[in-house]
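Data block below; observations after.
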Amino acid sequence: MPLVMAIVNVTPDSFSDAGKYYTPAEALKRCANALAEGADILDIGGESTRPGATPVAWEVEWGRIEEVVKGAVALGARVSVDTYHPETAERALEAGATMINCVYPEPVPAMAELARRHGAALVIPAKADMAAAEGVAEVYLDPMIGFGTTREEDLELLRSIPAIVRRGRVLVGASRKRIVKKLTGERTTGKTLGGSLAIALWCVNAGADIVRVHDVRETVQAIRVWQALRAKSQVLGPRRL
């Protein structure tokens, strides 16, 4: 089964949850709930990467997530740190995280060095130079849906997943992205679950290894039903008319 990565935003300005899990206590409740709902990985971030977000120093970012990372590790979870700051990534790995989710190509060489040293997995943009991550045992390529892209570009990125899969492991984070509203005309905030699930299943069907999502329970349920249907159809084979 593809892995489901739960998004845990410990930020006051997240576009998707409006800072709902900003306090460490609330973020840790989110972690526990996500695990109970079937999450395989918790992706903890302390800086919003939404369009127009104000960058923060690594000290601020780490201050937001330190307690959450350590608490999530104590829960027995596989923890990923969502950051482009090597300083934050190093401290998270020292605290027990085992994956770095780096959203920009520029820090990849430094992040790869940390991953090699700590034996951690590394997520990098699909457009990044793979040579920079040489020697990292577990590398995932992210097509980066919604990062300064148009609707047409996002569609092309989603359609390109089979090609990216041929290059290596793939992680896709397209949950609650603007592409759903752009494709459907939906204007109500928080009403993109159906579209997000459709994208997740598309990615899984295309060969993605990890889907990074907000709605863990619903995504796990959808993938399990899809897998059962797919397994049954493969056993029976095509029906002759």
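In the structure tokens, the first chain shown is A, the next is B, and so on; residue numbers restart at 1 for each chain, and ligands run from 1 in the order shown.
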Return as a tab-separated table (two decimals) with C-alpha atoms, in the first residue's frame the full set of residues in region 102-220 of chain A whose backbone-based DSSP assignment is strand (DSSP E).
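See out.tsv below for the written result:
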chain	number	residue	atom	x	y	z
A	121	ALA	CA	15.24	9.72	3.86
A	122	LEU	CA	15.11	12.84	1.71
A	123	VAL	CA	12.33	14.42	-0.35
A	124	ILE	CA	13.49	16.81	-3.08
A	125	PRO	CA	11.79	18.65	-5.94
A	139	VAL	CA	15.20	9.66	-2.03
A	140	TYR	CA	11.71	10.78	-3.08
A	141	LEU	CA	10.93	13.11	-5.97
A	142	ASP	CA	8.12	15.65	-5.52
A	169	ARG	CA	10.47	6.99	-5.71
A	170	VAL	CA	7.76	9.66	-5.82
A	171	LEU	CA	5.96	11.72	-3.17
A	172	VAL	CA	3.06	13.96	-4.17
A	210	ILE	CA	3.70	8.53	-0.78
A	211	VAL	CA	0.77	10.94	-0.83
A	212	ARG	CA	1.04	13.93	1.51
A	213	VAL	CA	-2.42	14.91	2.75
Residues of region 203-231 of chain A at most 10 Å from region 152-162 of chain A: nearest atom pair and distance in Å, only C-alpha atoms, as JSON lines:
{"residue": "A:Cys203", "atom": "CA", "partner": "A:Ile161", "partner_atom": "CA", "distance": 7.1}
{"residue": "A:Val204", "atom": "CA", "partner": "A:Ile161", "partner_atom": "CA", "distance": 9.6}
{"residue": "A:Asn205", "atom": "CA", "partner": "A:Pro162", "partner_atom": "CA", "distance": 9.1}
{"residue": "A:Ala206", "atom": "CA", "partner": "A:Pro162", "partner_atom": "CA", "distance": 5.3}
{"residue": "A:Gly207", "atom": "CA", "partner": "A:Pro162", "partner_atom": "CA", "distance": 6.4}
{"residue": "A:Ala208", "atom": "CA", "partner": "A:Ile161", "partner_atom": "CA", "distance": 7.3}
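Residues surrounding region 24-28 of chain A within 8 Å are Val8, Asn9, Val10, Lys20, Tyr21, Tyr22, Arg30, Cys31, Ala32, Arg64, Ile65, Glu67, Val68, Gly71 and Ala72 of chain A [only C-alpha atoms; sequence separation below 2 positions excluded].
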Residues of the last selection are to be written out with C-alpha atoms, as a short mmCIF file (atom, residue, chain, number, x, y, z; two decimals), in the first residue's frame.
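The resulting file, part_28.cif, is shown below:
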data_model
loop_
_atom_site.label_atom_id
_atom_site.label_comp_id
_atom_site.auth_asym_id
_atom_site.auth_seq_id
_atom_site.Cartn_x
_atom_site.Cartn_y
_atom_site.Cartn_z
CA VAL A 8 1.10 18.90 10.57
CA ASN A 9 1.42 22.68 10.15
CA VAL A 10 2.69 24.36 13.31
CA LYS A 20 -5.46 25.47 13.84
CA TYR A 21 -2.51 23.46 15.16
CA TYR A 22 -0.21 26.36 15.99
CA ARG A 30 -3.18 16.37 15.52
CA CYS A 31 -0.24 13.94 15.40
CA ALA A 32 -1.98 11.40 17.62
CA ARG A 64 7.74 26.34 16.74
CA ILE A 65 8.29 22.66 16.04
CA GLU A 67 8.40 20.22 21.12
CA VAL A 68 6.15 18.75 18.42
CA GLY A 71 6.57 14.54 21.09
CA ALA A 72 5.77 12.86 17.78
#
Q.
Can you tell me which residues surround Glu66 (chain A) at a distance of at most 8 Å, considering only C-alpha atoms, apart from same-chain residues fewer than 4 positions away, and format the answer as a list of chain:residue names?
A.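 Contacts, with the query itself left out: A:Trp62, A:Lys70, A:Ala92.
Take CA of Glu37 (chain A) and CA of Arg217 (chain A): the distance between them is 4.8 Å.
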**Q.** Every residue of region 112-147 of chain A that DSSP places in helix (DSSP H, G or I), as number ranges by chain
**A.** A: 112-118, 130-133
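Within 10 Å of Val136 (chain A), once only C-alpha atoms are used and residues closer than 6 positions along the same chain are dropped, the contacting residues are Met111, Ala112, Glu113, Leu114, Ala115, Arg116, Arg117, His118, Gly119, Ala120, Ala121 and Leu122 of chain A.
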Write a file of the selected residues as an mmCIF file, in the first residue's frame, keeping N, CA and C atoms.
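Output file again.cif is given in full below:
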data_model
loop_
_atom_site.group_PDB
_atom_site.id
_atom_site.type_symbol
_atom_site.label_atom_id
_atom_site.label_comp_id
_atom_site.auth_asym_id
_atom_site.auth_seq_id
_atom_site.Cartn_x
_atom_site.Cartn_y
_atom_site.Cartn_z
ATOM 1 N N MET A 111 21.109 19.368 2.503
ATOM 2 C CA MET A 111 20.156 18.408 3.070
ATOM 3 C C MET A 111 20.607 16.976 2.793
ATOM 4 N N ALA A 112 21.158 16.737 1.618
ATOM 5 C CA ALA A 112 21.629 15.392 1.277
ATOM 6 C C ALA A 112 22.776 14.979 2.189
ATOM 7 N N GLU A 113 23.650 15.920 2.510
ATOM 8 C CA GLU A 113 24.750 15.619 3.424
ATOM 9 C C GLU A 113 24.222 15.218 4.795
ATOM 10 N N LEU A 114 23.200 15.944 5.263
ATOM 11 C CA LEU A 114 22.578 15.595 6.542
ATOM 12 C C LEU A 114 21.921 14.219 6.476
ATOM 13 N N ALA A 115 21.217 13.954 5.375
ATOM 14 C CA ALA A 115 20.545 12.664 5.218
ATOM 15 C C ALA A 115 21.553 11.519 5.204
ATOM 16 N N ARG A 116 22.646 11.711 4.503
ATOM 17 C CA ARG A 116 23.682 10.666 4.467
ATOM 18 C C ARG A 116 24.257 10.431 5.863
ATOM 19 N N ARG A 117 24.527 11.505 6.575
ATOM 20 C CA ARG A 117 25.158 11.393 7.892
ATOM 21 C C ARG A 117 24.244 10.718 8.909
ATOM 22 N N HIS A 118 22.928 10.987 8.809
ATOM 23 C CA HIS A 118 21.988 10.462 9.791
ATOM 24 C C HIS A 118 21.238 9.222 9.301
ATOM 25 N N GLY A 119 21.495 8.815 8.058
ATOM 26 C CA GLY A 119 20.772 7.676 7.509
ATOM 27 C C GLY A 119 19.302 7.964 7.298
ATOM 28 N N ALA A 120 18.985 9.212 6.966
ATOM 29 C CA ALA A 120 17.595 9.645 6.830
ATOM 30 C C ALA A 120 17.144 9.619 5.375
ATOM 31 N N ALA A 121 15.824 9.581 5.193
ATOM 32 C CA ALA A 121 15.244 9.716 3.855
ATOM 33 C C ALA A 121 15.199 11.191 3.483
ATOM 34 N N LEU A 122 15.092 11.467 2.184
ATOM 35 C CA LEU A 122 15.109 12.843 1.705
ATOM 36 C C LEU A 122 14.104 13.021 0.577
#
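If you measure from each of A:Val108, A:Cys102, A:Ala57, A:Ile41 to Ala77 (chain A) using only C-alpha atoms, the closest one turns out to be A:Ile41.
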**Q.** d(CA of Pro105 (chain A), CA of Ala137 (chain A)) in Å
**A.**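 One can read the CA of Pro105 (chain A) to CA of Ala137 (chain A) distance as 18.3 Å.
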Q | A:Thr149, A:Thr23, A:Thr83, A:Thr219 ranked by distance to Tyr104 (chain A), top pick (using only C-alpha atoms) | A | A:Thr83
I'd like the neighbourhood of region 187-196 of chain A as a compact mmCIF listing (two decimals) with N, CA and C atoms, in the first residue's frame, where a residue qualifies if any of its atoms comes within 10 Å (using only C-alpha atoms), though same-chain residues fewer than 2 positions away should be ignored.
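Okay, this is what ended up in part.txt:
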# COMPACT_ATOMS: atom_id res chain seq x y z
N SER A 16 -4.23 26.28 4.68
CA SER A 16 -5.21 25.20 4.69
C SER A 16 -5.94 25.04 6.01
N ASP A 17 -5.27 25.36 7.13
CA ASP A 17 -5.93 25.17 8.42
C ASP A 17 -5.92 26.40 9.31
N GLY A 173 2.32 15.93 -2.99
CA GLY A 173 1.51 16.70 -2.04
C GLY A 173 0.59 17.63 -2.80
N ALA A 174 -0.62 17.18 -3.07
CA ALA A 174 -1.57 18.01 -3.82
C ALA A 174 -2.87 18.22 -3.06
N SER A 175 -2.84 17.91 -1.75
CA SER A 175 -4.03 18.03 -0.92
C SER A 175 -4.43 19.49 -0.72
N ARG A 176 -5.72 19.77 -0.94
CA ARG A 176 -6.29 21.11 -0.74
C ARG A 176 -5.59 22.19 -1.55
N LYS A 177 -5.03 21.82 -2.68
CA LYS A 177 -4.36 22.80 -3.53
C LYS A 177 -5.39 23.53 -4.40
N ARG A 178 -4.97 24.69 -4.89
CA ARG A 178 -5.88 25.55 -5.65
C ARG A 178 -6.35 24.92 -6.95
N ILE A 179 -5.61 23.91 -7.43
CA ILE A 179 -6.00 23.29 -8.69
C ILE A 179 -7.41 22.72 -8.61
N VAL A 180 -7.83 22.23 -7.43
CA VAL A 180 -9.18 21.67 -7.31
C VAL A 180 -10.23 22.75 -7.56
N LYS A 181 -10.04 23.91 -6.95
CA LYS A 181 -10.98 25.01 -7.16
C LYS A 181 -10.95 25.50 -8.60
N LYS A 182 -9.74 25.52 -9.18
CA LYS A 182 -9.60 25.99 -10.56
C LYS A 182 -10.29 25.05 -11.55
N LEU A 183 -10.26 23.76 -11.25
CA LEU A 183 -10.87 22.79 -12.15
C LEU A 183 -12.37 22.69 -11.98
N THR A 184 -12.86 22.94 -10.78
CA THR A 184 -14.27 22.69 -10.49
C THR A 184 -15.12 23.95 -10.33
N GLY A 185 -14.44 25.07 -10.11
CA GLY A 185 -15.20 26.30 -9.86
C GLY A 185 -15.68 26.43 -8.42
N ALA A 198 -9.58 12.58 -5.40
CA ALA A 198 -9.42 12.17 -6.80
C ALA A 198 -7.96 12.29 -7.22
N ILE A 199 -7.31 13.39 -6.81
CA ILE A 199 -5.91 13.57 -7.16
C ILE A 199 -5.04 12.52 -6.47
N ALA A 200 -5.33 12.24 -5.19
CA ALA A 200 -4.55 11.24 -4.47
C ALA A 200 -4.63 9.88 -5.16
N LEU A 201 -5.83 9.49 -5.58
CA LEU A 201 -5.99 8.20 -6.25
C LEU A 201 -5.31 8.20 -7.62
N TRP A 202 -5.37 9.32 -8.30
CA TRP A 202 -4.66 9.43 -9.58
C TRP A 202 -3.16 9.19 -9.35
N VAL A 213 -1.04 14.46 2.72
CA VAL A 213 -2.42 14.91 2.75
C VAL A 213 -2.79 15.54 4.10
N HIS A 214 -3.88 16.29 4.07
CA HIS A 214 -4.48 16.83 5.30
C HIS A 214 -5.52 15.85 5.85
N ASP A 215 -6.31 15.28 4.97
CA ASP A 215 -7.45 14.44 5.36
C ASP A 215 -7.03 12.98 5.36
N GLU A 218 -9.90 9.91 5.39
CA GLU A 218 -10.60 9.79 4.11
C GLU A 218 -9.66 9.26 3.02
N THR A 219 -8.40 9.70 3.05
CA THR A 219 -7.45 9.24 2.04
C THR A 219 -7.12 7.78 2.22
